[in-house]
There are 2 protein chains.
Amino acid sequence: MADDQPDIRPGETTLGFDPGAHTDATLRFIGRIHTPWQRGDCPKNVTSARERAAAEGGQFTVKLDEGFAPGLIGLEPGRGIFLIYWMHRARRDLITQAPRHAQYARGTFSLRSPNRPNPLAMSAVTITSLDPETGEIGIDAIDCFDGTPLVDIKPWTAGVDTPVPLAEG
Amino acid sequence: MADDQPDIRPGETTLGFDPGAHTDATLRFIGRIHTPWQRGDCPKNVTSARERAAAEGGQFTVKLDEGFAPGLIGLEPGRGIFLIYWMHRARRDLITQAPRHAQYARGTFSLRSPNRPNPLAMSAVTITSLDPETGEIGIDAIDCFDGTPLVDIKPWTAGVDTPVPLAEG
């Protein structure tokens, strides 16, 4: 685990092992996300990032690594996408967490905290510009540090990406 | 890459290298997804999976590995979640693809195909039952093979998980 990992707060519990020490599958980063945010000055969620971007401006871009640019063919400005990225500063062994906004500790899987067994994060963003030659994408706003490693891009689709409420019964 | 990886079709292009051969980060599987679907009889997307589940019935469950169950505290039946899982039979070097439903090859990042540099998939599902003691979750429906490895569970939130359309301008 990273040297600069967050400390444990009262009410929080750990797995007792480090999920990062066991490899079931490997990720290859495909690019980087560039934002105006640095550690200590980063919005806590994408809603807050959108508000600050609207108020303060700032550039939000994705730069794909060499070879991956043709993967953008078929996307265009205005399209909604999910960016999936890797929170490399996260702590992977926290299984319950006490976020500052919550009264009680809750399970990691009920939270969007970066601290989770596999520290993947995802944000729904909208493409503002796109160059499938250079592999550069402009996006509206996102809540991650400048330089965050990108893992995947998926097209957002309302029908697929919205849960269906349970029928009354 | 897996021995049983899909063949390349006309119009498809590869990266020329295998993203699976380079490790930037590692995943630890946290459980398995159980479905009625086997290879050759699996719906192509979650919409189709929901329709077949409504027509044919069938059990859809998640079983977490030992130690991860407390991560469910705070979730409950009726809650929408994203399951993020690993498509271990995927081909990782396809950067443009010619799906059967499309006239032209398109970039991998414009498709939800399992074949992608990091073969993560995600589906929005609704919790039907939940036991934070045993780590078992019932869900409404999902479009993956029985036994698919699970990587993460995240609570779905309309505001965060819906892209914001660009302003007219």
# chains A, B, ... in the order shown; residues from 1 in each chain; ligands from 1

call {"tool": "interface_residues", "arguments": {"of": "chain B", "to": "chain A", "cutoff": "8 Å", "atoms": "only C-alpha atoms", "output": "PyMOL selection string"}}
result
chain B and resi 15+19-20+22-30+45-47+67-68+70-75+78+80-81+95-96+106-112+117-118+120+123-126+128+151-156+158-166

call {"tool": "select_by_dssp", "arguments": {"residues": "chain A", "states": "helix (DSSP H, G or I)", "output": "list in words"}}
result
Pro19, Gly20, Ala21, Val46, Thr47, Ser48, Ala49, Arg50, Glu51, Arg52, Ala53, Ala54, Ala55, Glu56, Ala69, Pro70, Gly71, Leu72, Thr108, Phe109 and Ser110 of chain A

call {"tool": "select_by_dssp", "arguments": {"residues": "segment 1-128 of chain A", "states": "strand (DSSP E)", "output": "short mmCIF file (atom, residue, chain, number, x, y, z; two decimals) with N, CA, C and O atoms, in the first residue's frame"}}
result
data_model
loop_
_atom_site.label_atom_id
_atom_site.label_comp_id
_atom_site.auth_asym_id
_atom_site.auth_seq_id
_atom_site.Cartn_x
_atom_site.Cartn_y
_atom_site.Cartn_z
N THR A 13 -13.27 -0.37 9.82
CA THR A 13 -12.66 -1.69 9.97
C THR A 13 -11.93 -2.08 8.69
O THR A 13 -12.27 -1.61 7.61
N THR A 14 -10.95 -2.95 8.86
CA THR A 14 -10.17 -3.39 7.70
C THR A 14 -10.40 -4.87 7.44
O THR A 14 -10.91 -5.60 8.30
N ALA A 25 -6.07 -10.32 -11.76
CA ALA A 25 -6.07 -9.78 -13.13
C ALA A 25 -5.23 -8.51 -13.11
O ALA A 25 -5.00 -7.92 -12.05
N THR A 26 -4.76 -8.11 -14.29
CA THR A 26 -3.89 -6.94 -14.37
C THR A 26 -4.51 -5.86 -15.25
O THR A 26 -5.22 -6.15 -16.21
N LEU A 27 -4.22 -4.62 -14.91
CA LEU A 27 -4.68 -3.47 -15.70
C LEU A 27 -3.50 -2.81 -16.40
O LEU A 27 -2.42 -2.69 -15.82
N GLY A 31 -4.15 5.91 -20.63
CA GLY A 31 -3.95 7.35 -20.79
C GLY A 31 -4.03 8.05 -19.45
O GLY A 31 -3.96 7.39 -18.41
N ARG A 32 -4.16 9.36 -19.50
CA ARG A 32 -4.23 10.18 -18.27
C ARG A 32 -5.36 11.19 -18.40
O ARG A 32 -5.67 11.65 -19.50
N ILE A 33 -5.94 11.55 -17.25
CA ILE A 33 -6.97 12.59 -17.19
C ILE A 33 -6.31 13.87 -16.66
O ILE A 33 -5.59 13.82 -15.65
N HIS A 34 -6.54 14.97 -17.35
CA HIS A 34 -5.95 16.24 -16.92
C HIS A 34 -7.05 17.19 -16.43
O HIS A 34 -8.06 17.39 -17.11
N THR A 61 -9.35 17.42 -19.79
CA THR A 61 -9.04 16.68 -21.01
C THR A 61 -8.56 15.26 -20.67
O THR A 61 -8.10 14.99 -19.56
N VAL A 62 -8.72 14.40 -21.66
CA VAL A 62 -8.17 13.05 -21.58
C VAL A 62 -7.14 12.94 -22.70
O VAL A 62 -7.39 13.38 -23.82
N LYS A 63 -5.97 12.37 -22.38
CA LYS A 63 -4.96 12.12 -23.40
C LYS A 63 -4.66 10.63 -23.39
O LYS A 63 -4.15 10.10 -22.40
N LEU A 64 -5.00 9.97 -24.50
CA LEU A 64 -4.74 8.53 -24.59
C LEU A 64 -3.28 8.26 -24.92
O LEU A 64 -2.63 9.04 -25.63
N GLY A 80 -22.43 11.32 -24.14
CA GLY A 80 -22.10 10.99 -22.75
C GLY A 80 -21.27 9.72 -22.68
O GLY A 80 -21.55 8.76 -23.41
N ILE A 81 -20.27 9.73 -21.85
CA ILE A 81 -19.42 8.54 -21.66
C ILE A 81 -19.12 8.35 -20.17
O ILE A 81 -19.24 9.28 -19.38
N PHE A 82 -18.76 7.14 -19.82
CA PHE A 82 -18.16 6.89 -18.52
C PHE A 82 -16.64 6.84 -18.68
O PHE A 82 -16.14 6.16 -19.59
N LEU A 83 -15.94 7.53 -17.82
CA LEU A 83 -14.50 7.32 -17.69
C LEU A 83 -14.28 6.45 -16.45
O LEU A 83 -14.84 6.73 -15.38
N ILE A 84 -13.50 5.39 -16.62
CA ILE A 84 -13.13 4.54 -15.48
C ILE A 84 -11.65 4.76 -15.22
O ILE A 84 -10.83 4.68 -16.13
N TYR A 85 -11.33 5.10 -13.99
CA TYR A 85 -9.95 5.48 -13.69
C TYR A 85 -9.49 4.86 -12.37
O TYR A 85 -10.28 4.24 -11.66
N TRP A 86 -8.22 5.00 -12.10
CA TRP A 86 -7.58 4.28 -10.99
C TRP A 86 -7.12 5.28 -9.93
O TRP A 86 -6.37 6.21 -10.24
N LEU A 94 -9.82 -1.10 3.59
CA LEU A 94 -10.94 -0.59 4.42
C LEU A 94 -12.25 -1.23 3.96
O LEU A 94 -12.65 -1.06 2.82
N ILE A 95 -12.96 -1.94 4.83
CA ILE A 95 -14.22 -2.58 4.43
C ILE A 95 -15.44 -1.89 5.04
O ILE A 95 -16.54 -1.96 4.50
N THR A 96 -15.27 -1.19 6.18
CA THR A 96 -16.28 -0.20 6.60
C THR A 96 -15.57 1.13 6.80
O THR A 96 -14.39 1.17 7.17
N GLN A 97 -16.30 2.21 6.53
CA GLN A 97 -15.70 3.54 6.55
C GLN A 97 -16.65 4.53 7.20
O GLN A 97 -17.86 4.40 7.11
N ARG A 106 -20.18 2.91 7.47
CA ARG A 106 -20.95 2.17 6.47
C ARG A 106 -20.01 1.30 5.66
O ARG A 106 -18.80 1.51 5.62
N GLY A 107 -20.60 0.31 4.98
CA GLY A 107 -19.81 -0.59 4.15
C GLY A 107 -19.22 0.15 2.96
O GLY A 107 -19.84 1.05 2.39
N LEU A 120 -11.06 1.46 -8.30
CA LEU A 120 -11.56 2.01 -9.55
C LEU A 120 -12.58 3.09 -9.22
O LEU A 120 -13.37 2.94 -8.27
N ALA A 121 -12.60 4.15 -9.98
CA ALA A 121 -13.64 5.17 -9.87
C ALA A 121 -14.23 5.36 -11.25
O ALA A 121 -13.59 5.05 -12.26
N MET A 122 -15.47 5.83 -11.30
CA MET A 122 -16.03 6.14 -12.61
C MET A 122 -16.88 7.39 -12.52
O MET A 122 -17.51 7.66 -11.49
N SER A 123 -16.86 8.17 -13.59
CA SER A 123 -17.66 9.39 -13.66
C SER A 123 -18.32 9.47 -15.02
O SER A 123 -17.71 9.15 -16.04
N ALA A 124 -19.58 9.91 -15.01
CA ALA A 124 -20.31 10.17 -16.24
C ALA A 124 -19.99 11.58 -16.69
O ALA A 124 -20.23 12.54 -15.95
N VAL A 125 -19.42 11.71 -17.88
CA VAL A 125 -19.02 13.03 -18.39
C VAL A 125 -19.55 13.18 -19.82
O VAL A 125 -19.99 12.21 -20.43
N THR A 126 -19.48 14.40 -20.33
CA THR A 126 -19.93 14.67 -21.70
C THR A 126 -18.74 15.15 -22.53
O THR A 126 -17.94 15.98 -22.07
N ILE A 127 -18.61 14.59 -23.73
CA ILE A 127 -17.52 14.97 -24.63
C ILE A 127 -17.77 16.37 -25.17
O ILE A 127 -18.85 16.66 -25.67
N THR A 128 -16.75 17.25 -25.05
CA THR A 128 -16.89 18.60 -25.63
C THR A 128 -16.07 18.74 -26.91
O THR A 128 -16.37 19.58 -27.75
#

call {"tool": "atom_distance", "arguments": {"atom1": "atom CA of Lys44 of chain A", "atom2": "atom CA of Ile137 of chain A"}}
result
22.6 Å

call {"tool": "closest_residue", "arguments": {"among": "B:Thr35, B:Pro99, B:Asp7, B:Arg92", "to": "Gly58 of chain B", "atoms": "only C-alpha atoms"}}
result
B:Thr35

call {"tool": "atom_distance", "arguments": {"atom1": "atom CA of Asp41 of chain B", "atom2": "atom CA of Gly138 of chain B"}}
result
21.1 Å

call {"tool": "atom_distance", "arguments": {"atom1": "atom CA of Glu12 of chain B", "atom2": "atom CA of Cys144 of chain B"}}
result
23.8 Å
